[in-house]
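Novice: Provided below: coords_28.txt, containing compact mmCIF, C-alpha atoms.
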# COMPACT_ATOMS: atom_id res chain seq x y z
CA MET A 1 36.52 9.12 8.21
CA ILE A 2 36.46 11.68 5.41
CA ASP A 3 39.94 10.64 4.29
CA LEU A 4 38.80 7.03 4.25
CA VAL A 5 35.91 7.88 1.93
CA LEU A 6 38.23 9.83 -0.35
CA THR A 7 40.88 7.13 -0.54
CA ALA A 8 38.56 4.11 -0.67
CA GLY A 9 36.21 5.90 -3.05
CA PHE A 10 33.84 3.63 -4.88
CA TRP A 11 34.37 0.65 -2.54
CA ILE A 12 32.71 2.43 0.37
CA TRP A 13 29.67 3.24 -1.75
CA TRP A 14 29.44 -0.31 -3.11
CA ILE A 15 29.69 -1.77 0.39
CA LEU A 16 26.93 0.61 1.48
CA ALA A 17 24.87 -0.52 -1.52
CA VAL A 18 25.27 -4.19 -0.54
CA ILE A 19 24.31 -3.42 3.07
CA LEU A 20 21.20 -1.56 1.92
CA LEU A 21 20.20 -4.35 -0.43
CA VAL A 22 20.62 -6.95 2.33
CA LEU A 23 18.50 -4.78 4.64
CA GLU A 24 15.88 -4.64 1.89
CA LEU A 25 15.68 -8.42 2.00
CA LEU A 26 15.23 -8.41 5.78
CA LEU A 27 12.74 -5.54 6.09
CA PRO A 28 9.25 -5.28 4.57
CA GLY A 29 8.56 -2.86 1.75
CA VAL A 30 10.42 -1.79 -1.33
CA PHE A 31 12.34 1.35 -0.55
CA LEU A 32 15.91 0.60 0.47
CA VAL A 33 16.52 -1.01 -2.90
CA TRP A 34 16.35 2.44 -4.54
CA ILE A 35 18.74 3.92 -2.00
CA GLY A 36 21.03 0.94 -2.60
CA VAL A 37 20.89 1.57 -6.35
CA ALA A 38 21.82 5.19 -5.71
CA ALA A 39 24.79 4.12 -3.55
CA PHE A 40 25.96 1.73 -6.27
CA ALA A 41 25.57 4.46 -8.92
CA THR A 42 27.54 6.89 -6.75
CA GLY A 43 30.35 4.35 -6.53
CA ALA A 44 30.25 3.85 -10.29
CA LEU A 45 30.32 7.62 -10.79
CA LEU A 46 33.52 7.78 -8.74
CA LEU A 47 35.22 5.49 -11.26
CA PHE A 48 34.96 8.31 -13.80
CA LEU A 49 35.00 11.47 -11.66
CA ASP A 50 37.26 12.57 -8.83
CA LEU A 51 34.77 14.01 -6.33
CA GLN A 52 35.45 15.31 -2.85
CA TRP A 53 33.26 14.01 -0.04
CA GLN A 54 30.81 16.93 -0.39
CA GLY A 55 30.31 16.13 -4.07
CA GLN A 56 29.88 12.44 -3.29
CA ILE A 57 27.16 13.17 -0.72
CA ALA A 58 25.43 15.59 -3.13
CA ALA A 59 25.60 13.04 -5.97
CA PHE A 60 24.27 10.31 -3.68
CA ALA A 61 21.36 12.51 -2.55
CA ALA A 62 20.46 13.47 -6.11
CA LEU A 63 20.74 9.88 -7.34
CA ALA A 64 18.65 8.62 -4.41
CA VAL A 65 15.82 11.02 -5.22
CA LEU A 66 16.08 10.14 -8.91
CA ALA A 67 16.08 6.40 -8.18
CA VAL A 68 13.02 6.64 -5.92
CA VAL A 69 11.07 8.74 -8.45
CA ILE A 70 11.94 6.46 -11.37
CA GLY A 71 11.31 3.31 -9.31
CA ARG A 72 7.88 4.46 -8.17
CA HIS A 73 6.94 5.56 -11.67
CA TRP A 74 8.21 2.37 -13.30
CA PHE A 75 6.66 -0.04 -10.82
CA GLY A 76 3.48 1.98 -10.26
CA GLY A 77 3.43 2.16 -6.47
CA ALA A 78 1.00 -0.25 -4.79
CA ALA A 79 0.21 -3.58 -6.38
CA ARG A 80 -3.18 -3.96 -8.00
CA SER A 81 -5.43 -6.75 -6.80
CA ASP A 82 -7.85 -8.81 -8.85
CA GLN A 83 -10.10 -8.75 -5.75
CA PRO A 84 -10.34 -5.09 -4.71
CA ASN A 85 -12.94 -5.81 -1.97
CA LEU A 86 -10.97 -8.65 -0.40
CA ASN A 87 -10.68 -7.00 3.01
CA ARG A 88 -13.94 -5.06 2.68
CA ARG A 89 -16.38 -7.94 2.53
CA HIS A 90 -19.39 -5.72 3.14
CA GLN A 91 -18.76 -3.97 -0.20
CA ASN A 92 -19.45 -7.26 -1.99
CA TYR A 93 -23.06 -7.22 -0.76
CA VAL A 94 -24.02 -3.96 -2.48
CA GLY A 95 -26.57 -4.65 -5.20
CA ARG A 96 -27.69 -8.01 -3.80
CA ARG A 97 -31.17 -8.95 -2.55
CA TYR A 98 -31.91 -10.67 0.76
CA ARG A 99 -34.96 -11.73 2.73
CA LEU A 100 -35.22 -10.28 6.25
CA GLU A 101 -35.31 -12.80 9.09
CA GLN A 102 -35.84 -10.00 11.60
CA PRO A 103 -37.83 -6.79 11.09
CA ILE A 104 -36.32 -3.37 10.61
CA VAL A 105 -37.63 -1.19 13.46
CA ASP A 106 -37.00 2.55 13.77
CA GLY A 107 -34.70 2.38 10.75
CA HIS A 108 -32.34 -0.20 12.21
CA GLY A 109 -32.11 -3.97 12.19
CA ARG A 110 -29.96 -7.01 11.55
CA LEU A 111 -29.60 -9.02 8.39
CA ARG A 112 -28.23 -12.53 8.25
CA ILE A 113 -25.96 -13.14 5.27
CA ASP A 114 -24.42 -16.61 5.12
CA ASP A 115 -23.04 -17.20 8.62
CA ALA A 116 -22.84 -13.59 9.83
CA PHE A 117 -25.25 -10.95 11.05
CA TRP A 118 -24.86 -7.41 9.69
CA LYS A 119 -26.27 -4.21 11.10
CA ILE A 120 -28.59 -2.60 8.58
CA SER A 121 -30.37 0.70 8.24
CA GLY A 122 -33.32 1.50 6.04
CA PRO A 123 -37.07 1.91 6.03
CA ASP A 124 -39.09 -0.07 8.57
CA ALA A 125 -40.02 -3.48 7.19
CA PRO A 126 -41.46 -6.72 8.57
CA ALA A 127 -39.61 -10.03 8.72
CA GLY A 128 -39.88 -11.87 5.40
CA GLN A 129 -39.65 -8.67 3.32
CA TRP A 130 -37.13 -8.64 0.49
CA VAL A 131 -34.54 -5.86 0.70
CA LYS A 132 -31.74 -4.75 -1.55
CA VAL A 133 -28.38 -3.53 -0.23
CA VAL A 134 -27.76 -0.17 -1.88
CA ALA A 135 -24.74 1.19 0.03
CA THR A 136 -22.51 0.82 3.05
CA ASP A 137 -22.07 3.15 5.99
CA GLY A 138 -18.86 2.11 7.71
CA LEU A 139 -19.50 -1.56 8.42
CA ASP A 140 -23.29 -1.15 8.34
CA LEU A 141 -25.33 -2.00 5.26
CA VAL A 142 -27.90 0.45 3.91
CA VAL A 143 -30.97 -1.27 2.43
CA GLU A 144 -34.12 -0.31 0.60
CA LEU A 145 -37.31 -2.28 0.07
CA ASP A 146 -37.24 -4.46 -2.98
In structure tokens, what does this structure look like?

Specialist:
Amino acid sequence: MIDLVLTAGFWIWWILAVILLVLELLLPGVFLVWIGVAAFATGALLLFLDLQWQGQIAAFAALAVLAVVIGRHWFGGAARSDQPNLNRRHQNYVGRRYRLEQPIVDGHGRLRIDDAFWKISGPDAPAGQWVKVVATDGLDLVVELD
């Protein structure tokens, strides 16, 4: 195997790069692309340098780390959303005012917002009282009298 890597040289690394890039297309995430770039760069490096297998593995490892660091810095990690509360709907209610359909008793109650009921906590209040959502506590809304 080692002799094959030494004699085939850059072709082995380029084949590995293609395999990694194809796997990147099949698997979720963006990580194997950087390892594939490192494999391609290792193969390109072998066009100019005559490295033994230990040097090839060391160059591949160093180039893989470099490719991941540069890739994450260049592309900024996670994508930014124009709707940061998309999957945290309860966060969208903070700052809004609602009229209670049911009273708050012993600091707890339910508030109907659109077609859903939310657990709320806050000062005791009768039905019909206006409240303002001031915070969230897990999936519960924290209200104060308005």

Novice: If I take atom CA of A:Val69 and atom CA of A:Phe40, how far is one from the other in Å, to one decimal?

Specialist: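 Pair atom CA of A:Val69 / atom CA of A:Phe40 returns 16.6 Å.
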
Novice: For stretch 31-34 of chain A, please output as a tab-separated table (two decimals) with C-alpha atoms, keeping the file's coordinate frame all residues within 9 Å (counting all atoms listed in the file; exclusion window: fewer than 4 positions along the same chain).

Specialist:
chain	number	residue	atom	x	y	z
A	17	ALA	CA	24.87	-0.52	-1.52
A	20	LEU	CA	21.20	-1.56	1.92
A	21	LEU	CA	20.20	-4.35	-0.43
A	22	VAL	CA	20.62	-6.95	2.33
A	23	LEU	CA	18.50	-4.78	4.64
A	24	GLU	CA	15.88	-4.64	1.89
A	25	LEU	CA	15.68	-8.42	2.00
A	27	LEU	CA	12.74	-5.54	6.09
A	38	ALA	CA	21.82	5.19	-5.71
A	39	ALA	CA	24.79	4.12	-3.55
A	64	ALA	CA	18.65	8.62	-4.41
A	65	VAL	CA	15.82	11.02	-5.22
A	66	LEU	CA	16.08	10.14	-8.91
A	67	ALA	CA	16.08	6.40	-8.18
A	68	VAL	CA	13.02	6.64	-5.92
A	71	GLY	CA	11.31	3.31	-9.31

Novice: Find the nearest atom pair between each residue of stretch 37-111 of chain A and stretch 143-146 of chain A for residues within 12 Å, count only C-alpha atoms, give distances in Å to one decimal, sort rows by chain and ascending number, and present the table as JSON lines.

Specialist:
{"residue": "A:Tyr93", "atom": "CA", "partner": "A:Val143", "partner_atom": "CA", "distance": 10.4}
{"residue": "A:Val94", "atom": "CA", "partner": "A:Val143", "partner_atom": "CA", "distance": 8.9}
{"residue": "A:Gly95", "atom": "CA", "partner": "A:Val143", "partner_atom": "CA", "distance": 9.4}
{"residue": "A:Arg96", "atom": "CA", "partner": "A:Val143", "partner_atom": "CA", "distance": 9.7}
{"residue": "A:Arg97", "atom": "CA", "partner": "A:Asp146", "partner_atom": "CA", "distance": 7.6}
{"residue": "A:Tyr98", "atom": "CA", "partner": "A:Asp146", "partner_atom": "CA", "distance": 9.0}
{"residue": "A:Arg99", "atom": "CA", "partner": "A:Asp146", "partner_atom": "CA", "distance": 9.5}
{"residue": "A:Leu100", "atom": "CA", "partner": "A:Leu145", "partner_atom": "CA", "distance": 10.3}
{"residue": "A:Pro103", "atom": "CA", "partner": "A:Leu145", "partner_atom": "CA", "distance": 11.9}
{"residue": "A:Ile104", "atom": "CA", "partner": "A:Val143", "partner_atom": "CA", "distance": 10.0}
{"residue": "A:Gly107", "atom": "CA", "partner": "A:Val143", "partner_atom": "CA", "distance": 9.8}
{"residue": "A:His108", "atom": "CA", "partner": "A:Val143", "partner_atom": "CA", "distance": 9.9}
{"residue": "A:Gly109", "atom": "CA", "partner": "A:Val143", "partner_atom": "CA", "distance": 10.2}
{"residue": "A:Arg110", "atom": "CA", "partner": "A:Val143", "partner_atom": "CA", "distance": 10.8}
{"residue": "A:Leu111", "atom": "CA", "partner": "A:Val143", "partner_atom": "CA", "distance": 9.9}

Novice: When you count all atoms listed in the file, which of these residues is closest to A:Asp50: A:Leu141, A:Gly36, A:Val105, A:Gly9?

Specialist: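 The shortest atom-to-atom distance to A:Asp50 comes from A:Gly9.
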
Novice: Could you check how far atom CA of A:Ser121 sits from atom CA of A:Val133, in Å to one decimal?

Specialist: 9.7 Å

Novice: From the list A:Trp130, A:Trp74, A:Trp118, A:Trp13, which residue is nearest A:Leu46 when using only C-alpha atoms?

Specialist: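 Of A:Trp130, A:Trp74, A:Trp118, A:Trp13, the one nearest A:Leu46, counting only C-alpha atoms, is A:Trp13.
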
Novice: Between atom CA of A:Asp82 and atom CA of A:Gly29, what distance in Å does the model show, to one decimal?

Specialist: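 Atom CA of A:Asp82 sits 20.4 Å away from atom CA of A:Gly29.
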
Novice: Name the closest residue to A:Asn92 among the candidates A:Leu63, A:Gln52, A:Pro123, A:Ala135; distances are taken between atoms, counting all atoms listed in the file.

Specialist: A:Ala135

Novice: Out of A:Val37, A:Leu47, A:Val30, A:Ile113, which residue has the shortest atom-to-atom distance to A:Phe75 when counting all atoms listed in the file?

Specialist: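 Of all the options, A:Val30 lies closest to A:Phe75.
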
Novice: Can you work out which one of A:Ala59, A:Val131, A:Ile120, A:Leu26 has the shortest atom-to-atom distance to A:Ala41, counting all atoms listed in the file?

Specialist: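 Using all atoms listed in the file, the shortest distance to A:Ala41 belongs to A:Ala59.
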